[in-house]
Structure formats: C-alpha cells, structure tokens
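Notes for the one structure printed next.
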Amino acid sequence: MNNSANNHKFSLTTPLYYVNGVPHVGSAYTTITADAVARFQRLQGKSVLFITGTDEHGQKIQRTATEENVEPQIHCDRIVDSFKSLWDKLNIKYDRFSRTTAPKHQAIVNEFFDRVWQKGDIYLDRQQGWYCVSCEEFKEERELIEDHHCAIHTNKPAEWRDEENYFFRLSQYQQELEELYQSNPDFIQPASRRNEVLNFVKQGLKDFSISRVNLEWGFPIPVDDKHTIYVWFDALLGYVTALLDPEDEPTLDNALSKWWPINLHLIGKDILRFHAVYWPAMLASAGLPLPTKVFGHGFLTKDGLKMGKTLGNTIDPFDLVDRYGADAVRYYFIKEIELGKDGDFNETRFIEVLNNDLANVLGNSLNRTLGMLKKYCQSNAPQLTSADYGGDHPLKSIGMDLGDRIVQMNNNLQFSQGCEEILNLVRSCNKYIDDSAPWTLFKEGKQAEIEQILYAVLESVRLSAYLLSPIIPDISTKIYQQLGFDWNFNTDRYPQTVDDFLIHSQWGKLAIKQTLDKASPVFSRLELSSEA
RNA sequence: GUCAGAGUAGCUCAGUUGGUUAGAGCAUCGGACUCAUAAGCCGAGGGUCGGGAGUUCAAGUCUCCCCUCUGACACCA
C-alpha cells in the first residue's frame, strides 16, 4: 500500500439536488451509496470530505416559489430543510452541504467564469429557434409536432425566440476529452455508461449556452448583467464552493488547496453527460485538474415499473425510513441492487431480504452464540486468536482474507458483491454451529472444544459487523457493543486509523472482552405493513 | 430509425478461453435437532438457459435471423 498523502485523502460528492420538490427516493439511493463509500474510506483511516447539497437556481424554482406565494429563497430554505432531515433519518454523515445560493458560491462562480472568459472560451451569440417554455429549451424543427407544439408538452405551442446567449466553447475540447477517456479508462464508470459517452463525444461536440435572459433567480453573467448564468455552469461549481472551510475567503485557490481534485462524483445516469463531458471541459478551460472518477448509477423501479407521478407509484423515502428504519433501507438499496444497473423495489422482497440477511442470518448467529456462551461458559468469552485454529477451519478459512477482498470490491464500488461475501461467512457460522453441536459437547463435558467453536463464531460475526458498518452502522454498533466494545459507528467513537483497520479487518487478530453482557436482538424481524 | 446492452428456476442473480446429470440466495414443501429473533441445519420439487436456424464430436457459452425490454442519439437535475 502506498502511504503517500494523496492516498490518505478521499473526497466525493453526490449531485447537488434540484430543490424543485422534496427529496425523492432516487436522491436517497444516491446519497446512501455515497455515504457508504465515505464511511468505508474513513474506516480505512483516510481523511474524507463527503459533499452533498442542493442546486437552487432557475426558472422552475422561481415559478414554484411564486405559486407558493413566497420568495424563492424561502422556498429553497424549506426544501433544504427537508433534505437535511431525510439525510439525518438515514444516518447520512456528510461533511459539507453545498447550496448554490450560498453567498460564497457567487464569488467562486465569478472567479471561475473569469478564468474561462480570459481563456476566450465564452462568447456571445444569437440563438434562434422554437423554444418550449415548459422544457425551458430550444427545440429542433424536426422535434416538434403539428403547429410547432412540443412533443412533450402538447398543450402549449413552442414559441419562436430570437435571443442572444453566452456560449461555452465545448467544441474546443473534443480531442482533450477523448484523450482523457483513453488514458483514464476508469474515469467514467460503469463501462456501459462509458461507452455511451464515448459514442456521444465521437459524434462531435457542440458549444452550449450558459446564460439565459428573462431569468431573475440566479447569478448575473459577470460581464453582462442582462444575462443570468444558466443551470449547469452554476451548479457544477457548487462542488468547488463546498471545499471551502468556513473561515476561508471565497477564492478558487483557497477552495482547491486541500481537497481538489474530487476522487468520486457519484451521480444518477441521467446527468452523466454533464459530469463526464461538460464538467471536465469546463475545468480544463479554467486550467484545473480533473476529477478522478464519475460513476453513473442506475435507476429504481417499483414492482418492475418506472416510478412517476403519472403512474402514482412513487416511493416516499420518509415513509420508508419511518416504517423500517435507516439500516433496513440502506441495506436493501446497497445489497439488493447492483450499483450501475437499474434495480427494483418490491416491498415483499424488501421484507424477505432484511428478515433473512439481517435478522435470521446476522442477528441470530450472534444471539444464539451469546446464548450458548452464557449457558456453557458463564458468559466468559474465550481468549483465543487466529493462531489457535488451523488454516482449514471452516470459518477461519473464509475470514482470513475477507477483509482484503472487501477492500478491493468496495473500492470498485461493488458493495453488493461485498455484502454477499460477508453474508457467506455468517451463513457458514450457522452451519458450523449445527455441524459441531456445542449442546452435545456440553453434555459430554468437552469445554475446550465448545470454547473454540464459540470464539470462532463470535470473531466471524465481529468481523462481519465491522466490514458491514459503512452500510448498517446501527446494527454494527449494537453487535460491537454486545461483544464488549464501547464503540459507535455513527459517531467518531471507534478506532479509525490505517493501523486500526489492518487489525480489525482481519479474522482472529482482536481480543474480545472477557465477560460479555446479555444478548438482545440487533435487528427485529419486520412485518409487511398492510397499506394499500 | 441508428448505435449499445440485456433476456438463465416463482423472485434477485452467478455461469471462466464452447466440454461430465445448468448453479447460489430467497420463496415453497418435507425431515431431524434445540443454543437462538418458530430463527438455524438437512433434503426435495422447480429451468426445452427469449424463439428459430447453423458451425462443432460437443453450445447457456460461437455465427446468422427474429421477438421483447432498457439506455444513448446534443443542452432531460
């Protein structure tokens, strides 16, 4: 392992969510995943900066606020509160919450704009064409249906507009981008998304407009206050603003001094292009280093169907976490859905997965073993180590290199497979217990054998809880506490240095407290609630 | 329409460079046990591997055609 300074730092972002409405389950999915990544990096002893936040400008926000009869800022504040409250419910431990309406953000945007302007990559041009107000975009003639109606918003005709906009010279960066994708094959993941982007860029890049007229809610273009900076140019820079420490003056140099470049932008597949094409081009124009990786995850379906207001089959993340708890939601999304692929949410399956994996397999293996420890060993934990077991021991053989494998998988964002590997160890615990039947050994007075069995199981459960702690911090904390560790994975009250990780992530390297307290279920089986 | 990917047990998925009776977890059913959250363990049923044709001694795995689904196709938070 390389111990250079760079390898001890890790910065990552979720998208800055648009505050058009309260958070939906897709945002929760992204944020839960990002939180698991952040927690796993911290567990390995790295300094982590985990950024989330909100994008708050634009005409849609302005309109929504008008409908609510409040100032846009008031509307944004309300929505921001609901985001923060959901993240709290889900045990999301973010380090920065970046808002594009933050006062410091405008200074960063202006400075960045100036760099790109100086570079000559921004120019004023006339844009004319059919404009759909509902889409807030220009349409090609061929995209429109009869009488210049927008195909999406058939009730309103598109309007002919002839307006001046500022454009960013994206076309200048085609070659640079292609070289980036070539020399950094992992820059865009998963590979299927990467291919899409490659394909798209190969077709040739067109400059895109970065300003709008007739838009109040946003920052003015520094060189022309009749124009307002439009969407992405503003929003993406929220990642940079987020890097400022509270006491920092809002300058690019200050923002970029410590955490730049970002190691991971975790996003939904819908906004891949902005992060994988526009964003690196903008950064290149400003002469800044590029992020390490952009990962576009898949979407959620409900019972196999696309979620949407029209079908009325959306999942309310608040309701979900209120009914089932943070760990349950976190675990299902991360274990049951492969990141990068679309995944389905089905409530029956949700219950089944959680009851099996967390209650029957993980929780019960601890519970039954602590029960035996009390009955057969007066709750005195055997003080053994890995050296007391042969290499072919059914649990040690699995646990030996489990930590290393999980590091590899999690660093590749393969959390689902990682969970499966960990569960395999715990399932093996239950089989091992039944195969060796301590209750029979007890009748035969074989105390030493019992102790060897019980320690092996307890250590396997401990290791599993440790490796799962980025995903199910509440449950892992309960398990650790029942094993006599006064830890809490939801605070900083657990060891988190590189050396700690090397010990705790291995099987049989850690002494369990001598005397253990009574057991209590760490995850209660869920009932399928009978709602419509 | 063009391009890309996918279609394997009821569900979620694994299936290496083609090679013995196609696997796992969950669900269902049966059995033996008791330390445990009626959990766990053992066992069973269940698949013409989307359809068709071809190459081959041999194809889920290669080739071609067809069907279905998903995504991208220029500014969709």
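Scheme for the structure tokens: letters A, B, ... for chains in order shown; per-chain residue numbers from 1; ligand numbers from 1 in order shown.
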
Pull the closest atom pair for each residue of chain A that gets at most 6 Å from chain B, along with the distance in Å to one decimal, counting only C-alpha atoms (C1' of nucleotides), ordering rows by chain and then ascending residue number, as CSV.
```
residue,atom,partner,partner_atom,distance
A:Tyr18,CA,B:A77,C1',5.3
A:Glu196,CA,B:A72,C1',5.8
A:Asn360,CA,B:A39,C1',5.3
A:Asn367,CA,B:A36,C1',5.9
A:Arg368,CA,B:A36,C1',3.8
A:Met372,CA,B:C35,C1',5.1
A:Asp434,CA,B:C41,C1',5.8
```

Pull N, CA and C atoms from the residues just selected and write them as a compact mmCIF listing (two decimals), in the first residue's frame.
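Contents of part.txt, freshly written:
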```txt
# COMPACT_ATOMS: atom_id res chain seq x y z
N TYR A 18 -31.70 19.21 -7.15
CA TYR A 18 -32.54 20.34 -7.52
C TYR A 18 -33.69 20.45 -6.53
N GLU A 196 -21.35 4.85 -23.80
CA GLU A 196 -22.33 5.83 -24.26
C GLU A 196 -21.70 7.20 -24.44
N ASN A 360 -32.33 -13.25 10.58
CA ASN A 360 -32.10 -14.69 10.66
C ASN A 360 -30.64 -15.08 10.58
N ASN A 367 -26.89 -13.85 18.38
CA ASN A 367 -27.79 -14.09 19.51
C ASN A 367 -27.66 -15.52 20.05
N ARG A 368 -27.67 -16.49 19.19
CA ARG A 368 -27.61 -17.89 19.64
C ARG A 368 -26.25 -18.20 20.25
N MET A 372 -25.35 -19.41 24.06
CA MET A 372 -24.54 -20.57 24.44
C MET A 372 -23.38 -20.18 25.34
N ASP A 434 -24.30 -25.80 13.78
CA ASP A 434 -25.11 -27.02 13.73
C ASP A 434 -24.26 -28.27 13.52
```

Find the spatial neighbours of Gly21 (chain A), counting only C-alpha atoms (C1' of nucleotides), within a cut-off of 10 Å - ignore same-chain residues fewer than 6 positions away - and output them as a count of residues only. 9

Can you tell me, as a ChimeraX atom specification, what residues are no more than 9 Å from region 98-107 of chain A when counting only C-alpha atoms (C1' of nucleotides), ignoring any on the same chain fewer than 4 positions away? /A:16,51-57,73,76,80,111-112,218-219,234-235,237-244,249-252

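Nearest-residue note for Ala281 (chain A): choosing from A:Tyr324, A:Phe50, A:Tyr173, A:Trp507, the minimum distance belongs to A:Tyr173, counting only C-alpha atoms.
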
Show me, as a VMD selection string, the residues that have an atom within 8 Å of region 47-59 of chain B when counting only C-alpha atoms (C1' of nucleotides), minus same-chain residues fewer than 6 positions from it. chain B and resid 7 to 9 18 to 19 22 65 to 68

Which of these, A:Arg39, A:Ile422, A:Thr14, A:Asn254, has the shortest distance to Leu236 (chain A) once you count only C-alpha atoms? A:Thr14

What's around Ser436 (chain A) at 12 Å? Count only C-alpha atoms (C1' of nucleotides), leave out sequence neighbours fewer than 5 positions away in its own chain, and write the answer as a JSON list (two decimals) with N, CA and C atoms (P, O5', C5', C4', C3', O3' and C1' of nucleotides), in the first residue's frame.
```json
[["chain", "number", "residue", "atom", "x", "y", "z"],
["A", 394, "PRO", "N", -13.33, -24.15, 9.05],
["A", 394, "PRO", "CA", -14.38, -23.66, 8.15],
["A", 394, "PRO", "C", -14.66, -22.16, 8.24],
["A", 428, "SER", "N", -22.10, -19.41, 6.98],
["A", 428, "SER", "CA", -21.23, -20.53, 7.35],
["A", 428, "SER", "C", -21.18, -20.71, 8.86],
["A", 429, "CYS", "N", -21.32, -19.62, 9.59],
["A", 429, "CYS", "CA", -21.34, -19.71, 11.05],
["A", 429, "CYS", "C", -22.50, -20.59, 11.50],
["A", 430, "ASN", "N", -23.66, -20.33, 10.95],
["A", 430, "ASN", "CA", -24.82, -21.10, 11.36],
["A", 430, "ASN", "C", -24.66, -22.58, 11.03],
["A", 431, "LYS", "N", -24.11, -22.85, 9.88],
["A", 431, "LYS", "CA", -23.88, -24.25, 9.51],
["A", 431, "LYS", "C", -22.84, -24.88, 10.43],
["A", 441, "LEU", "N", -21.69, -31.38, 22.87],
["A", 441, "LEU", "CA", -20.36, -31.34, 23.51],
["A", 441, "LEU", "C", -20.49, -30.97, 24.98],
["A", 442, "PHE", "N", -21.46, -30.14, 25.27],
["A", 442, "PHE", "CA", -21.65, -29.71, 26.66],
["A", 442, "PHE", "C", -22.03, -30.90, 27.53],
["A", 446, "LYS", "N", -17.06, -31.44, 27.06],
["A", 446, "LYS", "CA", -15.90, -31.03, 26.25],
["A", 446, "LYS", "C", -15.81, -29.51, 26.19],
["A", 449, "GLU", "N", -13.45, -27.63, 23.56],
["A", 449, "GLU", "CA", -13.98, -27.63, 22.19],
["A", 449, "GLU", "C", -15.08, -26.60, 22.03],
["A", 450, "ILE", "N", -15.92, -26.52, 23.04],
["A", 450, "ILE", "CA", -17.00, -25.54, 22.99],
["A", 450, "ILE", "C", -16.43, -24.14, 22.85],
["A", 451, "GLU", "N", -15.44, -23.86, 23.66],
["A", 451, "GLU", "CA", -14.86, -22.52, 23.64],
["A", 451, "GLU", "C", -14.25, -22.20, 22.29],
["A", 452, "GLN", "N", -13.63, -23.19, 21.70],
["A", 452, "GLN", "CA", -13.03, -22.93, 20.39],
["A", 452, "GLN", "C", -14.11, -22.63, 19.34],
["A", 453, "ILE", "N", -15.20, -23.33, 19.45],
["A", 453, "ILE", "CA", -16.29, -23.10, 18.50],
["A", 453, "ILE", "C", -16.89, -21.71, 18.70],
["A", 454, "LEU", "N", -17.18, -21.39, 19.93],
["A", 454, "LEU", "CA", -17.87, -20.12, 20.19],
["A", 454, "LEU", "C", -17.00, -18.92, 19.83],
["A", 456, "ALA", "N", -14.74, -18.79, 17.53],
["A", 456, "ALA", "CA", -14.66, -18.69, 16.06],
["A", 456, "ALA", "C", -15.91, -18.00, 15.50],
["A", 457, "VAL", "N", -17.06, -18.32, 16.09],
["A", 457, "VAL", "CA", -18.30, -17.70, 15.60],
["A", 457, "VAL", "C", -18.34, -16.22, 15.99],
["B", 35, "C", "P", -30.54, -26.74, 24.14],
["B", 35, "C", "O5'", -30.01, -25.33, 23.62],
["B", 35, "C", "C5'", -29.28, -24.48, 24.49],
["B", 35, "C", "C4'", -28.77, -23.31, 23.71],
["B", 35, "C", "C3'", -29.84, -22.48, 23.04],
["B", 35, "C", "O3'", -30.37, -21.56, 23.96],
["B", 35, "C", "C1'", -28.04, -22.85, 21.54],
["B", 41, "C", "P", -28.77, -22.48, 7.73],
["B", 41, "C", "O5'", -28.66, -24.00, 8.21],
["B", 41, "C", "C5'", -27.48, -24.46, 8.86],
["B", 41, "C", "C4'", -27.62, -25.93, 9.19],
["B", 41, "C", "C3'", -28.00, -26.82, 8.01],
["B", 41, "C", "O3'", -26.88, -27.19, 7.25],
["B", 41, "C", "C1'", -29.39, -27.32, 9.86]]
```
